[in-house]
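Dropping query34.cif in here (mmCIF, C-alpha atoms and all ligand atoms):
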```cif
data_structure
loop_
_atom_site.group_PDB
_atom_site.id
_atom_site.type_symbol
_atom_site.label_atom_id
_atom_site.label_comp_id
_atom_site.auth_asym_id
_atom_site.auth_seq_id
_atom_site.Cartn_x
_atom_site.Cartn_y
_atom_site.Cartn_z
ATOM 1 C CA MET U 1 25.281 85.579 87.825
ATOM 2 C CA THR U 2 26.081 88.491 90.090
ATOM 3 C CA ARG U 3 28.425 90.882 88.297
ATOM 4 C CA ILE U 4 31.317 92.541 90.123
ATOM 5 C CA LEU U 5 33.632 95.080 88.504
ATOM 6 C CA VAL U 6 37.004 95.845 90.113
ATOM 7 C CA VAL U 7 38.478 99.073 88.731
ATOM 8 C CA TYR U 8 41.945 100.351 89.559
ATOM 9 C CA PHE U 9 44.489 102.981 88.641
ATOM 10 C CA SER U 10 48.155 102.166 89.180
ATOM 11 C CA VAL U 11 51.424 103.603 87.917
ATOM 12 C CA THR U 12 54.046 101.669 89.909
ATOM 13 C CA GLY U 13 51.990 98.505 90.529
ATOM 14 C CA ASN U 14 51.055 98.677 94.223
ATOM 15 C CA THR U 15 47.357 99.361 93.683
ATOM 16 C CA ARG U 16 47.260 96.787 90.880
ATOM 17 C CA LEU U 17 48.457 94.086 93.298
ATOM 18 C CA MET U 18 45.668 95.045 95.712
ATOM 19 C CA ALA U 19 43.144 95.042 92.834
ATOM 20 C CA GLU U 20 44.173 91.524 91.807
ATOM 21 C CA ALA U 21 43.661 90.332 95.379
ATOM 22 C CA VAL U 22 40.229 92.010 95.579
ATOM 23 C CA ALA U 23 39.244 90.328 92.307
ATOM 24 C CA GLU U 24 40.552 86.967 93.569
ATOM 25 C CA GLY U 25 38.338 87.289 96.642
ATOM 26 C CA ALA U 26 35.262 88.284 94.655
ATOM 27 C CA SER U 27 35.802 85.473 92.130
ATOM 28 C CA SER U 28 35.900 82.914 94.942
ATOM 29 C CA VAL U 29 32.230 83.561 95.769
ATOM 30 C CA ALA U 30 29.781 81.203 94.060
ATOM 31 C CA ASP U 31 27.615 82.582 91.244
ATOM 32 C CA VAL U 32 29.759 85.694 90.929
ATOM 33 C CA ASP U 33 31.347 86.879 87.702
ATOM 34 C CA CYS U 34 34.200 89.299 88.416
ATOM 35 C CA GLN U 35 35.914 91.579 85.909
ATOM 36 C CA LEU U 36 39.187 93.363 86.667
ATOM 37 C CA MET U 37 39.821 96.520 84.618
ATOM 38 C CA ALA U 38 42.279 99.398 84.567
ATOM 39 C CA VAL U 39 40.527 102.745 84.931
ATOM 40 C CA GLU U 40 41.679 103.849 81.480
ATOM 41 C CA LYS U 41 39.582 101.083 79.880
ATOM 42 C CA VAL U 42 36.378 101.456 81.890
ATOM 43 C CA THR U 43 33.291 102.880 80.184
ATOM 44 C CA ASN U 44 29.901 103.926 81.514
ATOM 45 C CA GLU U 45 28.506 100.745 79.948
ATOM 46 C CA ASP U 46 30.784 98.711 82.243
ATOM 47 C CA TRP U 47 29.413 100.604 85.256
ATOM 48 C CA VAL U 48 25.806 100.024 84.209
ATOM 49 C CA ALA U 49 26.417 96.315 83.518
ATOM 50 C CA ALA U 50 27.868 95.674 86.994
ATOM 51 C CA ASP U 51 25.876 95.035 90.168
ATOM 52 C CA GLY U 52 28.806 95.885 92.449
ATOM 53 C CA ILE U 53 31.815 98.115 91.708
ATOM 54 C CA ILE U 54 35.024 98.184 93.769
ATOM 55 C CA VAL U 55 37.378 101.068 92.995
ATOM 56 C CA GLY U 56 41.058 101.286 93.927
ATOM 57 C CA SER U 57 43.310 104.318 93.664
ATOM 58 C CA PRO U 58 46.749 105.318 94.853
ATOM 59 C CA THR U 59 46.620 108.080 97.448
ATOM 60 C CA TYR U 60 47.544 111.272 95.618
ATOM 61 C CA PHE U 61 47.660 114.400 97.776
ATOM 62 C CA GLY U 62 45.425 112.732 100.351
ATOM 63 C CA GLN U 63 42.672 111.695 97.969
ATOM 64 C CA MET U 64 41.904 109.599 94.890
ATOM 65 C CA ALA U 65 44.076 110.202 91.836
ATOM 66 C CA ALA U 66 42.742 112.568 89.157
ATOM 67 C CA GLU U 67 42.397 109.657 86.733
ATOM 68 C CA VAL U 68 39.956 107.942 89.104
ATOM 69 C CA LYS U 69 38.033 111.151 89.811
ATOM 70 C CA GLY U 70 37.848 111.657 86.047
ATOM 71 C CA MET U 71 36.125 108.282 85.696
ATOM 72 C CA PHE U 72 33.534 109.291 88.312
ATOM 73 C CA ASP U 73 33.005 112.607 86.533
ATOM 74 C CA VAL U 74 32.228 110.774 83.287
ATOM 75 C CA THR U 75 29.542 108.720 85.096
ATOM 76 C CA GLU U 76 27.573 111.976 85.467
ATOM 77 C CA ARG U 77 26.167 111.063 82.022
ATOM 78 C CA ILE U 78 24.523 107.991 83.577
ATOM 79 C CA TYR U 79 23.559 109.774 86.799
ATOM 80 C CA GLY U 80 20.703 107.875 88.470
ATOM 81 C CA GLN U 81 21.529 104.525 86.848
ATOM 82 C CA LEU U 82 23.986 103.511 89.575
ATOM 83 C CA GLU U 83 21.387 103.874 92.328
ATOM 84 C CA GLY U 84 21.382 100.827 94.621
ATOM 85 C CA LYS U 85 24.540 99.208 93.214
ATOM 86 C CA VAL U 86 27.065 98.095 95.811
ATOM 87 C CA GLY U 87 30.314 100.067 96.089
ATOM 88 C CA ALA U 88 33.616 99.807 97.952
ATOM 89 C CA ALA U 89 37.109 101.329 97.913
ATOM 90 C CA PHE U 90 40.758 100.434 98.482
ATOM 91 C CA THR U 91 44.036 102.295 98.191
ATOM 92 C CA THR U 92 47.800 102.252 98.496
ATOM 93 C CA SER U 93 49.837 105.171 99.782
ATOM 94 C CA GLY U 94 53.428 106.137 100.508
ATOM 95 C CA GLY U 95 53.041 105.854 104.270
ATOM 96 C CA LEU U 96 50.609 105.380 107.105
ATOM 97 C CA GLY U 97 48.822 108.479 108.349
ATOM 98 C CA CYS U 98 49.435 110.074 104.962
ATOM 99 C CA GLY U 99 45.898 110.122 103.606
ATOM 100 C CA HIS U 100 44.890 106.531 102.885
ATOM 101 C CA GLU U 101 41.608 106.680 104.844
ATOM 102 C CA LEU U 102 40.787 110.021 103.213
ATOM 103 C CA THR U 103 41.397 108.428 99.821
ATOM 104 C CA ASN U 104 39.012 105.584 100.523
ATOM 105 C CA MET U 105 36.493 108.110 101.844
ATOM 106 C CA SER U 106 36.873 110.253 98.714
ATOM 107 C CA ILE U 107 35.925 107.229 96.595
ATOM 108 C CA ILE U 108 33.094 106.283 98.943
ATOM 109 C CA THR U 109 31.814 109.886 98.903
ATOM 110 C CA ALA U 110 31.528 109.783 95.113
ATOM 111 C CA MET U 111 29.712 106.442 95.351
ATOM 112 C CA LEU U 112 27.221 107.796 97.887
ATOM 113 C CA VAL U 113 26.527 110.798 95.647
ATOM 114 C CA ALA U 114 25.749 108.272 92.899
ATOM 115 C CA GLY U 115 23.232 106.532 95.192
ATOM 116 C CA MET U 116 25.339 103.445 95.736
ATOM 117 C CA VAL U 117 25.238 101.175 98.799
ATOM 118 C CA VAL U 118 28.492 101.051 100.792
ATOM 119 C CA GLY U 119 29.047 98.570 103.605
ATOM 120 C CA GLY U 120 31.560 99.011 106.403
ATOM 121 C CA THR U 121 33.214 96.271 108.415
ATOM 122 C CA THR U 122 34.175 95.520 112.012
ATOM 123 C CA LYS U 123 36.802 93.017 110.808
ATOM 124 C CA GLY U 124 39.634 95.183 109.532
ATOM 125 C CA PRO U 125 40.069 98.637 108.018
ATOM 126 C CA HIS U 126 36.596 100.206 108.336
ATOM 127 C CA PHE U 127 36.772 102.377 105.227
ATOM 128 C CA GLY U 128 38.497 99.872 102.961
ATOM 129 C CA PRO U 129 41.814 98.037 102.657
ATOM 130 C CA PHE U 130 45.067 99.933 102.246
ATOM 131 C CA ALA U 131 48.790 99.292 101.941
ATOM 132 C CA ALA U 132 51.729 101.589 102.533
ATOM 133 C CA GLY U 133 54.021 100.942 99.580
ATOM 134 C CA THR U 134 54.213 97.411 98.199
ATOM 135 C CA PRO U 135 51.332 95.434 99.717
ATOM 136 C CA ALA U 136 52.365 92.870 102.343
ATOM 137 C CA GLU U 137 50.537 89.550 102.627
ATOM 138 C CA LYS U 138 48.365 90.941 105.467
ATOM 139 C CA ASP U 139 47.264 93.801 103.164
ATOM 140 C CA LEU U 140 46.460 91.396 100.342
ATOM 141 C CA GLU U 141 44.463 89.321 102.814
ATOM 142 C CA GLN U 142 42.351 92.408 103.652
ATOM 143 C CA ALA U 143 41.927 93.048 99.945
ATOM 144 C CA ARG U 144 40.754 89.464 99.305
ATOM 145 C CA ALA U 145 38.356 89.764 102.253
ATOM 146 C CA LEU U 146 36.882 92.946 100.757
ATOM 147 C CA GLY U 147 36.276 91.130 97.484
ATOM 148 C CA VAL U 148 34.515 88.285 99.272
ATOM 149 C CA ARG U 149 32.419 90.664 101.403
ATOM 150 C CA VAL U 150 31.284 92.864 98.527
ATOM 151 C CA ALA U 151 30.534 89.899 96.276
ATOM 152 C CA ALA U 152 28.489 88.196 99.004
ATOM 153 C CA LEU U 153 26.498 91.373 99.780
ATOM 154 C CA THR U 154 25.931 92.076 96.079
ATOM 155 C CA ARG U 155 24.739 88.515 95.480
ATOM 156 C CA LYS U 156 22.329 88.886 98.381
ATOM 157 C CA LEU U 157 20.882 92.057 96.820
ATOM 158 C CA PHE U 158 20.984 91.096 93.133
ATOM 159 C CA GLY U 159 21.421 87.311 92.893
HETATM 160 C C1 LIG U 201 51.332 112.647 92.514
HETATM 161 C C2 LIG U 201 51.541 111.783 93.716
HETATM 162 C C3 LIG U 201 50.979 112.149 94.912
HETATM 163 C C4 LIG U 201 51.126 111.334 96.039
HETATM 164 N N1 LIG U 201 50.526 111.708 97.198
HETATM 165 C C5 LIG U 201 50.643 110.912 98.289
HETATM 166 C C6 LIG U 201 50.019 111.272 99.526
HETATM 167 O O1 LIG U 201 49.342 112.281 99.632
HETATM 168 N N2 LIG U 201 50.180 110.437 100.578
HETATM 169 C C7 LIG U 201 50.912 109.290 100.501
HETATM 170 O O2 LIG U 201 51.021 108.573 101.487
HETATM 171 N N3 LIG U 201 51.503 108.910 99.342
HETATM 172 C C8 LIG U 201 51.382 109.690 98.242
HETATM 173 N N4 LIG U 201 51.951 109.287 97.052
HETATM 174 C C9 LIG U 201 52.560 107.946 96.965
HETATM 175 C C10 LIG U 201 51.616 106.923 96.325
HETATM 176 O O3 LIG U 201 50.331 106.971 96.921
HETATM 177 C C11 LIG U 201 52.148 105.498 96.494
HETATM 178 O O4 LIG U 201 53.436 105.397 95.975
HETATM 179 C C12 LIG U 201 51.225 104.471 95.833
HETATM 180 O O5 LIG U 201 51.460 103.187 96.368
HETATM 181 C C13 LIG U 201 51.399 104.412 94.325
HETATM 182 O O6 LIG U 201 50.477 103.491 93.803
HETATM 183 P P1 LIG U 201 50.746 102.639 92.473
HETATM 184 O O7 LIG U 201 51.993 101.799 92.741
HETATM 185 O O8 LIG U 201 49.540 101.796 92.310
HETATM 186 O O9 LIG U 201 50.950 103.603 91.356
HETATM 187 C C14 LIG U 201 51.853 110.113 95.943
HETATM 188 C C15 LIG U 201 52.444 109.765 94.717
HETATM 189 C C16 LIG U 201 52.292 110.580 93.611
HETATM 190 C C17 LIG U 201 52.907 110.167 92.299
#
```
Encoded form (structure tokens):
Amino acid sequence: MTRILVVYFSVTGNTRLMAEAVAEGASSVADVDCQLMAVEKVTNEDWVAADGIIVGSPTYFGQMAAEVKGMFDVTERIYGQLEGKVGAAFTTSGGLGCGHELTNMSIITAMLVAGMVVGGTTKGPHFGPFAAGTPAEKDLEQARALGVRVAALTRKLFG
């Protein structure tokens, strides 16, 4: 089985709704086992066990929330072991043009530093799905599509 981990941080529930949709998409791909976890529960062992990791954060001051950055900082102890794993990002923000792309890029930047493989897309938000406020159905659709895309790419590399 190809192992996908969807990690999210959410206080008011918007990013959690996106995370559930990402996990739904990933789970729909054959031979994929998908785990959905809140950032507070994730350990370095979970990172090492996964083949692909999708991280979602609210946009806080134009970047990932401190709780999510803190998780990346803890992975310094397993630096090198994430090389070649597939990564992707998604976010929710208060408004459009208020930092959501920067947030996805801040997550992707951390993944690239860890040696992970990040794929873009021509079919939707290039840097990862986003929603302004409560996700609308079209946002959840982008989130599901991300899950499918990452799971399919990860299966191709690791399956
Ligand atoms: C500390 C803090 C900083 C925020 N900074 C931004 C921001 O820079 N840009 C923005 O559009 N929204 C900002 N927001 C709004 C959140 O990104 C938005 O409400 C998000 O959907 C919350 O996600 P959650 O429901 O998963 O907790 C901020 C909210 C908080 C609490």
- [ ] Could you tell me how far atom C2 of ligand LIG 201 (chain U) lies from CA of Glu24 (chain U), in Å and to one decimal?
- [x] 27.1 Å
TODO: Let me have all residues with an atom within 6 Å of ligand LIG 201 (chain U), counting all atoms listed in the file, laid out as a PyMOL selection string.
DONE: chain U and resi 10-16+58-62+92-95+98-99+133
Open item on the list: Applying the PyMOL selection byres (((chain U and resi 5) around 12) and not hetatm) to the file I just gave you, which residues come out? Please list them as a PyMOL selection string.
Closed with: chain U and resi 2-4+6-8+19-20+22-24+26-27+32-39+42-56+85-89+147+150-151+154
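Of the listed residues U:Thr121, U:Phe130, U:His100, U:Met1, the one whose atoms come nearest to Gly159 (chain U) is U:Met1, with distances taken using only C-alpha atoms.
Using all atoms listed in the file, the nearest neighbour of Leu146 (chain U) within the list U:Gly97, U:Lys41, U:Gly124, U:Phe72 is U:Gly124.
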